[in-house]
$ cat target34.txt   # compact mmCIF, C-alpha atoms and all ligand atoms
# COMPACT_ATOMS: atom_id res chain seq x y z
CA MET P 1 3.29 -16.38 -20.10
CA SER P 2 4.97 -12.99 -20.28
CA LEU P 3 4.11 -9.71 -18.62
CA PRO P 4 1.20 -7.91 -20.29
CA THR P 5 2.20 -4.96 -22.48
CA GLY P 6 2.56 -1.82 -20.36
CA PHE P 7 2.50 -3.80 -17.11
CA ARG P 8 3.14 -1.67 -14.04
CA PHE P 9 4.72 -3.21 -10.97
CA SER P 10 3.44 -2.00 -7.62
CA GLN P 11 4.10 -2.83 -4.00
CA ALA P 12 0.95 -4.98 -4.11
CA SER P 13 2.00 -7.06 -7.10
CA LEU P 14 5.57 -7.41 -5.84
CA GLN P 15 4.24 -8.44 -2.42
CA ASP P 16 2.06 -11.05 -4.10
CA TYR P 17 5.11 -12.44 -5.86
CA VAL P 18 7.19 -12.54 -2.68
CA ASP P 19 4.34 -14.17 -0.72
CA CYS P 20 3.52 -16.66 -3.45
CA PRO P 21 4.76 -16.53 -7.06
CA ARG P 22 1.74 -18.58 -8.13
CA ARG P 23 -0.58 -15.87 -6.82
CA PHE P 24 1.27 -13.26 -8.89
CA GLN P 25 0.85 -15.48 -11.95
CA LEU P 26 -2.87 -16.05 -11.40
CA ARG P 27 -3.67 -12.44 -10.55
CA TYR P 28 -1.48 -10.46 -12.95
CA LEU P 29 -0.53 -12.76 -15.81
CA ALA P 30 -3.64 -14.91 -16.13
CA ALA P 31 -5.79 -12.00 -14.88
CA LEU P 32 -8.19 -14.40 -13.19
CA GLN P 33 -11.10 -12.99 -11.28
CA TRP P 34 -11.34 -13.87 -7.63
CA PRO P 35 -13.30 -17.12 -7.42
CA ALA P 36 -13.42 -17.39 -3.61
CA VAL P 37 -13.90 -15.24 -0.54
CA GLU P 38 -10.81 -14.11 1.34
CA ALA P 39 -12.09 -14.79 4.85
CA GLU P 40 -15.22 -15.79 6.76
CA PRO P 41 -17.68 -14.59 7.90
CA ILE P 42 -18.16 -13.00 4.48
CA GLU P 43 -20.40 -10.18 5.65
CA ARG P 44 -17.99 -9.04 8.37
CA ASN P 45 -15.02 -9.30 6.02
CA GLU P 46 -16.76 -7.17 3.41
CA GLN P 47 -17.79 -4.69 6.09
CA ARG P 48 -14.16 -4.45 7.22
CA MET P 49 -13.01 -3.64 3.69
CA ALA P 50 -15.85 -1.16 3.13
CA LEU P 51 -14.96 0.67 6.35
CA GLY P 52 -11.36 1.00 5.24
CA GLU P 53 -12.38 2.44 1.89
CA ALA P 54 -14.87 4.82 3.55
CA PHE P 55 -12.17 6.09 5.93
CA HIS P 56 -9.80 6.78 3.04
CA ARG P 57 -12.61 8.68 1.27
CA MET P 58 -13.32 10.78 4.37
CA VAL P 59 -9.70 11.78 4.75
CA GLN P 60 -9.52 12.64 1.07
CA GLN P 61 -12.62 14.85 1.45
CA TRP P 62 -10.92 16.53 4.40
CA PHE P 63 -7.86 17.28 2.28
CA LEU P 64 -10.16 18.71 -0.37
CA GLY P 65 -11.45 21.17 2.22
CA LEU P 66 -14.82 19.78 3.28
CA PRO P 67 -15.77 20.91 6.82
CA ASP P 68 -15.07 18.45 9.65
CA ASP P 69 -18.69 18.28 10.80
CA ALA P 70 -20.01 17.65 7.29
CA ILE P 71 -17.66 14.69 6.95
CA SER P 72 -18.56 13.47 10.45
CA ARG P 73 -22.26 13.48 9.60
CA ALA P 74 -21.61 11.07 6.73
CA ALA P 75 -20.06 8.50 9.09
CA SER P 76 -23.01 6.24 9.81
CA ASP P 77 -20.98 3.37 11.28
CA PRO P 78 -19.84 3.81 14.92
CA ASP P 79 -16.39 2.33 14.25
CA LEU P 80 -15.93 4.65 11.29
CA LEU P 81 -16.98 7.65 13.36
CA ARG P 82 -14.56 6.63 16.11
CA TRP P 83 -11.72 6.33 13.55
CA TRP P 84 -12.61 9.72 12.12
CA GLN P 85 -12.74 11.38 15.53
CA GLY P 86 -9.33 9.85 16.27
CA PHE P 87 -8.00 11.33 13.05
CA LEU P 88 -9.26 14.80 13.99
CA ALA P 89 -7.99 14.53 17.55
CA TYR P 90 -4.58 13.10 16.74
CA HIS P 91 -4.17 15.11 13.54
CA PRO P 92 -1.47 12.95 11.94
CA VAL P 93 -0.61 15.58 9.34
CA SER P 94 0.53 18.23 11.83
CA SER P 95 1.87 15.54 14.20
CA PHE P 96 4.29 14.24 11.61
CA CYS P 97 4.73 17.09 9.12
CA GLY P 98 5.04 20.05 11.45
CA ASP P 99 4.11 23.31 9.77
CA ALA P 100 1.50 22.37 7.17
CA GLU P 101 1.62 25.83 5.59
CA ASP P 102 5.21 25.20 4.63
CA THR P 103 4.37 21.78 3.18
CA THR P 104 3.22 20.86 -0.30
CA ILE P 105 0.53 18.26 0.28
CA ARG P 106 -0.49 15.58 -2.18
CA SER P 107 -3.17 13.08 -1.19
CA GLU P 108 -4.37 9.98 -3.03
CA TYR P 109 -1.42 10.67 -5.28
CA THR P 110 0.13 8.24 -7.72
CA LEU P 111 3.73 8.24 -8.93
CA ASP P 112 4.85 6.18 -11.88
CA GLY P 113 8.57 5.66 -12.34
CA GLU P 114 10.88 3.33 -14.19
CA LEU P 115 13.29 0.72 -12.92
CA VAL P 116 15.36 -1.67 -15.06
CA GLY P 117 13.15 -0.95 -18.07
CA HIS P 118 9.84 -1.57 -16.27
CA ARG P 119 7.24 0.73 -14.76
CA LEU P 120 7.00 0.91 -10.98
CA VAL P 121 3.97 2.67 -9.53
CA ALA P 122 2.85 3.69 -6.05
CA LYS P 123 -0.33 5.30 -4.79
CA TYR P 124 0.18 7.42 -1.69
CA ASP P 125 -2.50 8.25 0.85
CA PHE P 126 -0.47 11.33 1.72
CA LEU P 127 2.81 12.70 0.44
CA GLY P 128 4.08 15.91 2.01
CA VAL P 129 7.21 17.82 1.00
CA SER P 130 8.28 20.70 3.23
CA GLY P 131 9.97 23.86 2.00
CA ALA P 132 13.27 22.42 3.28
CA GLY P 133 12.82 19.20 1.30
CA LYS P 134 11.69 16.97 4.18
CA VAL P 135 9.38 14.26 2.83
CA THR P 136 6.64 12.69 4.94
CA ILE P 137 4.68 9.74 3.62
CA LEU P 138 1.56 8.90 5.61
CA ASP P 139 -0.36 5.72 5.08
CA TRP P 140 -3.67 4.90 6.77
CA LYS P 141 -3.80 1.27 7.85
CA THR P 142 -7.36 0.30 8.72
CA SER P 143 -6.64 -3.25 9.90
CA MET P 144 -8.49 -4.38 12.99
CA LYS P 145 -5.23 -5.00 14.84
CA ARG P 146 -2.13 -2.85 14.90
CA THR P 147 0.42 -4.52 12.62
CA PRO P 148 3.72 -5.32 14.39
CA ASN P 149 6.70 -3.22 13.31
CA ASP P 150 8.75 -6.19 12.13
CA ALA P 151 5.91 -7.21 9.79
CA LEU P 152 5.70 -3.64 8.49
CA HIS P 153 9.45 -3.52 7.89
CA ALA P 154 9.16 -6.70 5.83
CA ARG P 155 6.43 -5.29 3.56
CA LEU P 156 7.27 -4.29 0.01
CA GLN P 157 5.33 -1.09 0.61
CA THR P 158 7.96 -0.02 3.15
CA ARG P 159 10.59 -0.31 0.42
CA VAL P 160 8.67 0.91 -2.64
CA TYR P 161 7.04 4.06 -1.25
CA PRO P 162 10.12 5.92 0.02
CA PHE P 163 12.25 4.60 -2.84
CA LEU P 164 9.93 5.96 -5.49
CA ALA P 165 9.56 9.29 -3.68
CA VAL P 166 13.35 9.72 -3.69
CA GLN P 167 13.50 8.67 -7.34
CA ALA P 168 10.90 11.32 -8.16
CA GLY P 169 13.19 13.80 -6.39
CA ALA P 170 13.22 17.10 -8.20
CA TYR P 171 9.78 16.48 -9.64
CA LEU P 172 8.31 16.66 -6.12
CA ASN P 173 10.77 19.07 -4.55
CA LYS P 174 10.73 22.23 -6.66
CA GLY P 175 13.63 21.10 -8.81
CA ASP P 176 15.92 19.85 -6.04
CA ALA P 177 16.89 16.23 -5.40
CA ILE P 178 15.46 14.55 -2.29
CA ASN P 179 17.95 13.32 0.29
CA PRO P 180 16.87 9.81 1.44
CA ASP P 181 17.86 10.80 4.99
CA ASP P 182 15.08 13.44 4.87
CA VAL P 183 12.32 10.92 4.17
CA GLU P 184 10.01 9.36 6.74
CA LEU P 185 7.25 6.81 6.18
CA VAL P 186 4.55 6.70 8.85
CA TYR P 187 1.88 4.04 9.12
CA TRP P 188 -1.05 5.42 11.10
CA PHE P 189 -3.70 3.09 12.47
CA PRO P 190 -7.18 4.51 13.12
CA GLU P 191 -7.78 1.55 15.42
CA SER P 192 -4.63 2.42 17.41
CA PRO P 193 -4.20 6.18 16.85
CA LEU P 194 -1.54 6.59 19.55
CA ALA P 195 0.67 3.81 18.19
CA PRO P 196 1.90 4.92 14.74
CA ALA P 197 4.84 3.14 13.14
CA ARG P 198 7.50 5.67 12.12
CA MET P 199 10.18 4.55 9.69
CA ARG P 200 13.10 6.82 8.91
CA TYR P 201 14.65 6.30 5.51
CA SER P 202 18.37 6.55 4.76
CA THR P 203 20.83 6.64 1.89
CA THR P 204 21.99 3.13 2.78
CA GLN P 205 18.43 1.82 2.71
CA TYR P 206 17.68 3.64 -0.53
CA GLU P 207 20.63 1.97 -2.27
CA ALA P 208 19.71 -1.43 -0.83
CA ASP P 209 16.09 -1.02 -1.92
CA GLY P 210 17.14 -0.02 -5.44
CA ASP P 211 19.24 -3.19 -5.77
CA TYR P 212 16.57 -5.40 -4.22
CA LEU P 213 13.68 -4.06 -6.31
CA ALA P 214 15.70 -4.16 -9.53
CA ASP P 215 16.67 -7.81 -8.91
CA LEU P 216 13.09 -8.75 -8.03
CA ILE P 217 11.60 -7.10 -11.11
CA LYS P 218 14.23 -8.61 -13.40
CA ARG P 219 13.61 -12.07 -11.93
CA ILE P 220 9.85 -11.82 -12.48
CA ALA P 221 10.26 -10.44 -16.00
CA VAL P 222 12.32 -13.42 -17.18
CA SER P 223 10.30 -16.11 -15.37
CA ASP P 224 8.72 -18.97 -17.30
CA ASP P 225 5.34 -20.40 -16.38
CA SER P 226 7.02 -23.15 -14.39
CA ASP P 227 8.89 -20.61 -12.24
CA PHE P 228 5.73 -19.39 -10.51
CA TRP P 229 5.69 -22.06 -7.81
CA MET P 230 3.16 -22.34 -5.00
CA THR P 231 4.05 -21.12 -1.54
CA GLN P 232 5.10 -23.65 1.06
CA ASP P 233 3.30 -21.61 3.70
CA ARG P 234 -0.13 -23.21 3.48
CA ASP P 235 -1.52 -20.85 6.13
CA ARG P 236 -1.50 -18.17 3.43
CA CYS P 237 -3.75 -20.30 1.25
CA ARG P 238 -6.53 -20.25 3.84
CA PHE P 239 -6.89 -16.52 3.22
CA CYS P 240 -6.16 -16.55 -0.51
CA VAL P 241 -8.94 -16.13 -3.05
CA TYR P 242 -7.25 -18.56 -5.48
CA ARG P 243 -7.49 -21.66 -3.26
CA SER P 244 -9.57 -23.60 -5.76
CA TYR P 245 -7.02 -23.11 -8.56
CA CYS P 246 -4.27 -24.56 -6.40
CA ASP P 247 -6.17 -27.38 -4.72
CA ARG P 248 -5.37 -25.79 -1.39
CA GLY P 249 -8.76 -26.19 0.33
CA THR P 250 -12.28 -24.98 -0.30
CA SER P 251 -13.25 -22.99 2.79
CA ALA P 252 -11.93 -19.60 3.81
CA GLY P 253 -10.02 -18.97 7.04
CA ASN P 254 -11.74 -17.16 9.87
CA LEU P 255 -11.44 -13.39 9.92
CA ASP P 256 -10.42 -13.43 13.59
CA GLU P 257 -7.38 -15.54 12.69
CA LEU P 258 -6.31 -13.32 9.83
CA ALA P 259 -2.93 -12.04 10.91
CA ALA P 260 -2.67 -8.28 11.19
CA GLU P 261 0.19 -8.24 8.70
CA TRP P 262 -2.07 -9.81 6.06
CA GLN P 263 -4.87 -7.27 6.47
CA PHE P 264 -3.68 -4.85 3.88
CA ASN P 265 -6.38 -5.18 1.22
CA GLU P 266 -3.71 -4.31 -1.31
CA SER P 267 -5.38 -5.70 -4.37
CA SER P 268 -7.92 -2.92 -4.24
CA GLU P 269 -5.02 -0.44 -4.26
CA ASP P 270 -4.10 -1.57 -7.75
CA ILE P 271 -7.69 -1.43 -8.88
CA ASP P 272 -8.09 2.08 -7.52
CA ILE P 273 -5.13 3.48 -9.43
CA ASP P 274 -6.39 5.72 -12.20
CA PHE P 275 -3.68 5.32 -14.82
CA GLU P 276 -4.96 8.35 -16.72
CA GLN P 277 -4.17 10.57 -13.73
CA ILE P 278 -0.72 9.25 -12.96
CA ALA P 279 2.14 11.69 -12.68
CA GLU P 280 4.81 10.08 -14.81
CA ILE P 281 8.38 10.72 -13.76
CA ALA P 282 11.30 10.27 -16.05
CA PHE P 283 14.13 8.54 -14.23
S1 LIG Z 301 -3.92 -20.65 -2.79
FE1 LIG Z 301 -1.88 -20.70 -1.87
S2 LIG Z 301 -0.56 -21.49 -3.49
FE2 LIG Z 301 -2.46 -20.81 -4.47
S3 LIG Z 301 -2.09 -18.72 -5.12
FE3 LIG Z 301 -3.04 -18.65 -3.10
S4 LIG Z 301 -1.30 -18.54 -1.65
FE4 LIG Z 301 -0.51 -19.27 -3.62

$ encode --input "target34.txt" --output "structure tokens"
Amino acid sequence: MSLPTGFRFSQASLQDYVDCPRRFQLRYLAALQWPAVEAEPIERNEQRMALGEAFHRMVQQWFLGLPDDAISRAASDPDLLRWWQGFLAYHPVSSFCGDAEDTTIRSEYTLDGELVGHRLVAKYDFLGVSGAGKVTILDWKTSMKRTPNDALHARLQTRVYPFLAVQAGAYLNKGDAINPDDVELVYWFPESPLAPARMRYSTTQYEADGDYLADLIKRIAVSDDSDFWMTQDRDRCRFCVYRSYCDRGTSAGNLDELAAEWQFNESSEDIDIDFEQIAEIAF
């Protein structure tokens, strides 16, 4: 089974492949709908995902200029209101970007680039470029627990987001290339507003990421059906919606046991990408 025509790789699909090649095959090649719940109890799990989406919407409304109190009034859930108040109090944009007036801000922004003949796409919660070319990528992580830094460093998102921003370079930075050493990725956690994870990028990392992502995409592109093996880490299967296809159990894992590093809800990121609105970059 080959890649669908026009397939776009993303941090979510690449992460699926790295976590379990079989999951990549079922989700992106076979395009199977999700036959099982991710975690129990179902209601609380769905509420968790809905809160995350609502928070992203509120921040987007804020970037669009809606007044703080109007957005606050729409927060009916106490946890959501607490997250929102933390956002206003901590103000991650000015905390990490400095002078906002000097910064070109893009929110809920999608970049679509090319690597080794394939499309690579990323959707940014926030992408700021200062007048001096300093790039700040902010990502809201609405997991219930603060994800450890080593788990964040291991995520494909940590590689794909800054890499693609540097690749976009002049397109984002008024015609000038972006220096990888001027890029910072910040994960901000509404549940832990005072404990952001700040990740400085570098030229060395940019070159390493380019090699790594190119190899990964090439490997997936030439894989046969038999190459998409099932993960050996059966703990992952307890929280995977494809359990029944793999004969890896019938009941979902408990939400309280869901490791913070797995609470990324990345599949919805791919679904949310509006491919008609993508800024395509030639590189
Ligand atoms: S159930 Fe396990 S083996 Fe099957 S796709 Fe999910 S993670 Fe992979």

$ closest_residue --input "target34.txt" --among "P:Arg159, P:Lys218, P:Lys134, P:His56" --to "Ala122 of chain P" --atoms "only C-alpha atoms"
P:Arg159

$ atom_distance --input "target34.txt" --atom1 "atom S1 of ligand LIG 301 (chain Z)" --atom2 "atom CA of Tyr17 of chain P"
12.6 Å

$ closest_residue --input "target34.txt" --among "P:Leu66, P:Leu80, P:Leu26, P:Ala214" --to "ligand LIG 301 (chain Z)" --atoms "only C-alpha atoms and all ligand atoms"
P:Leu26

$ closest_residue --input "target34.txt" --among "P:Arg27, P:Lys145, P:Arg22, P:Arg200" --to "ligand LIG 301 (chain Z)" --atoms "all atoms listed in the file"
P:Arg22

$ atom_distance --input "target34.txt" --atom1 "atom S4 of ligand LIG 301 (chain Z)" --atom2 "atom CA of His153 of chain P"
20.8 Å

$ residues_around --input "target34.txt" --residues "Pro162 of chain P" --least-positions-apart "5" --cutoff "8 Å" --atoms "all atoms listed in the file" --output "number ranges by chain"
P: 137, 180, 183-185, 201, 206

$ closest_residue --input "target34.txt" --among "P:Ala170, P:Leu152, P:Leu216, P:Ala30" --to "Trp188 of chain P" --atoms "all atoms listed in the file"
P:Leu152

$ residues_near_ligand --input "target34.txt" --ligand "ligand LIG 301 (chain Z)" --cutoff "7 Å" --atoms "all atoms listed in the file" --output "PDB file with C-alpha atoms, in the coordinates of the input"
ATOM      1  CA  CYS P  20       3.520 -16.660  -3.450  1.00  0.00           C
ATOM      2  CA  PRO P  21       4.760 -16.530  -7.060  1.00  0.00           C
ATOM      3  CA  ARG P  22       1.740 -18.580  -8.130  1.00  0.00           C
ATOM      4  CA  ARG P  23      -0.580 -15.870  -6.820  1.00  0.00           C
ATOM      5  CA  LEU P  26      -2.870 -16.050 -11.400  1.00  0.00           C
ATOM      6  CA  MET P 230       3.160 -22.340  -5.000  1.00  0.00           C
ATOM      7  CA  THR P 231       4.050 -21.120  -1.540  1.00  0.00           C
ATOM      8  CA  ARG P 234      -0.130 -23.210   3.480  1.00  0.00           C
ATOM      9  CA  ARG P 236      -1.500 -18.170   3.430  1.00  0.00           C
ATOM     10  CA  CYS P 237      -3.750 -20.300   1.250  1.00  0.00           C
ATOM     11  CA  CYS P 240      -6.160 -16.550  -0.510  1.00  0.00           C
ATOM     12  CA  VAL P 241      -8.940 -16.130  -3.050  1.00  0.00           C
ATOM     13  CA  TYR P 242      -7.250 -18.560  -5.480  1.00  0.00           C
ATOM     14  CA  ARG P 243      -7.490 -21.660  -3.260  1.00  0.00           C
ATOM     15  CA  TYR P 245      -7.020 -23.110  -8.560  1.00  0.00           C
ATOM     16  CA  CYS P 246      -4.270 -24.560  -6.400  1.00  0.00           C
ATOM     17  CA  ARG P 248      -5.370 -25.790  -1.390  1.00  0.00           C
TER      18      ARG P 248
END

$ atom_distance --input "target34.txt" --atom1 "atom CA of Gly117 of chain P" --atom2 "atom CA of Leu138 of chain P"
28.1 Å

$ closest_residue --input "target34.txt" --among "P:Val18, P:Cys97, P:Ala208, P:Leu115" --to "Leu156 of chain P" --atoms "only C-alpha atoms"
P:Val18

$ residues_around --input "target34.txt" --residues "Glu207 of chain P" --least-positions-apart "4" --cutoff "10 Å" --atoms "all atoms listed in the file" --output "list in words"
Phe163, Pro180, Ser202, Thr203, Asp211 and Tyr212 of chain P

$ closest_residue --input "target34.txt" --among "P:Gly65, P:Gly52, P:Gly210, P:Gly6" --to "Trp84 of chain P" --atoms "all atoms listed in the file"
P:Gly52

$ residues_around --input "target34.txt" --residues "Val129 of chain P" --least-positions-apart "3" --cutoff "8 Å" --atoms "only C-alpha atoms" --output "list in words"
Thr103, Thr104, Ile105, Ala132, Gly133, Lys134, Val135, Thr136, Leu172 and Asn173 of chain P

$ build_atoms --input "target34.txt" --residues "segment 118-135 of chain P" --atoms "N, CA and C atoms" --output "mmCIF file, in the coordinates of the input"
data_model
loop_
_atom_site.group_PDB
_atom_site.id
_atom_site.type_symbol
_atom_site.label_atom_id
_atom_site.label_comp_id
_atom_site.auth_asym_id
_atom_site.auth_seq_id
_atom_site.Cartn_x
_atom_site.Cartn_y
_atom_site.Cartn_z
ATOM 1 N N HIS P 118 11.243 -1.277 -16.580
ATOM 2 C CA HIS P 118 9.840 -1.570 -16.270
ATOM 3 C C HIS P 118 9.246 -0.430 -15.456
ATOM 4 N N ARG P 119 7.923 -0.299 -15.535
ATOM 5 C CA ARG P 119 7.240 0.730 -14.760
ATOM 6 C C ARG P 119 7.054 0.251 -13.329
ATOM 7 N N LEU P 120 7.226 1.181 -12.402
ATOM 8 C CA LEU P 120 7.000 0.910 -10.980
ATOM 9 C C LEU P 120 6.112 2.031 -10.456
ATOM 10 N N VAL P 121 4.966 1.678 -9.885
ATOM 11 C CA VAL P 121 3.970 2.670 -9.530
ATOM 12 C C VAL P 121 3.617 2.557 -8.050
ATOM 13 N N ALA P 122 3.274 3.690 -7.452
ATOM 14 C CA ALA P 122 2.850 3.690 -6.050
ATOM 15 C C ALA P 122 1.755 4.733 -5.863
ATOM 16 N N LYS P 123 0.753 4.362 -5.106
ATOM 17 C CA LYS P 123 -0.330 5.300 -4.790
ATOM 18 C C LYS P 123 -0.233 5.675 -3.321
ATOM 19 N N TYR P 124 -0.052 6.942 -3.051
ATOM 20 C CA TYR P 124 0.180 7.420 -1.690
ATOM 21 C C TYR P 124 -1.115 7.977 -1.095
ATOM 22 N N ASP P 125 -1.389 7.602 0.145
ATOM 23 C CA ASP P 125 -2.500 8.250 0.850
ATOM 24 C C ASP P 125 -2.165 9.719 1.079
ATOM 25 N N PHE P 126 -0.918 9.963 1.437
ATOM 26 C CA PHE P 126 -0.470 11.330 1.720
ATOM 27 C C PHE P 126 1.018 11.423 1.447
ATOM 28 N N LEU P 127 1.392 12.463 0.722
ATOM 29 C CA LEU P 127 2.810 12.700 0.440
ATOM 30 C C LEU P 127 3.042 14.191 0.661
ATOM 31 N N GLY P 128 3.813 14.511 1.696
ATOM 32 C CA GLY P 128 4.080 15.910 2.010
ATOM 33 C C GLY P 128 5.544 16.231 1.812
ATOM 34 N N VAL P 129 5.822 17.374 1.187
ATOM 35 C CA VAL P 129 7.210 17.820 1.000
ATOM 36 C C VAL P 129 7.321 19.225 1.572
ATOM 37 N N SER P 130 8.151 19.395 2.586
ATOM 38 C CA SER P 130 8.280 20.700 3.230
ATOM 39 C C SER P 130 9.166 21.616 2.382
ATOM 40 N N GLY P 131 9.159 22.892 2.724
ATOM 41 C CA GLY P 131 9.970 23.860 2.000
ATOM 42 C C GLY P 131 11.452 23.506 2.059
ATOM 43 N N ALA P 132 11.865 22.809 3.132
ATOM 44 C CA ALA P 132 13.270 22.420 3.280
ATOM 45 C C ALA P 132 13.572 21.062 2.654
ATOM 46 N N GLY P 133 12.575 20.476 1.990
ATOM 47 C CA GLY P 133 12.820 19.200 1.300
ATOM 48 C C GLY P 133 12.596 17.969 2.159
ATOM 49 N N LYS P 134 11.992 18.137 3.333
ATOM 50 C CA LYS P 134 11.690 16.970 4.180
ATOM 51 C C LYS P 134 10.423 16.309 3.641
ATOM 52 N N VAL P 135 10.503 14.999 3.417
ATOM 53 C CA VAL P 135 9.380 14.260 2.830
ATOM 54 C C VAL P 135 8.722 13.390 3.883
#
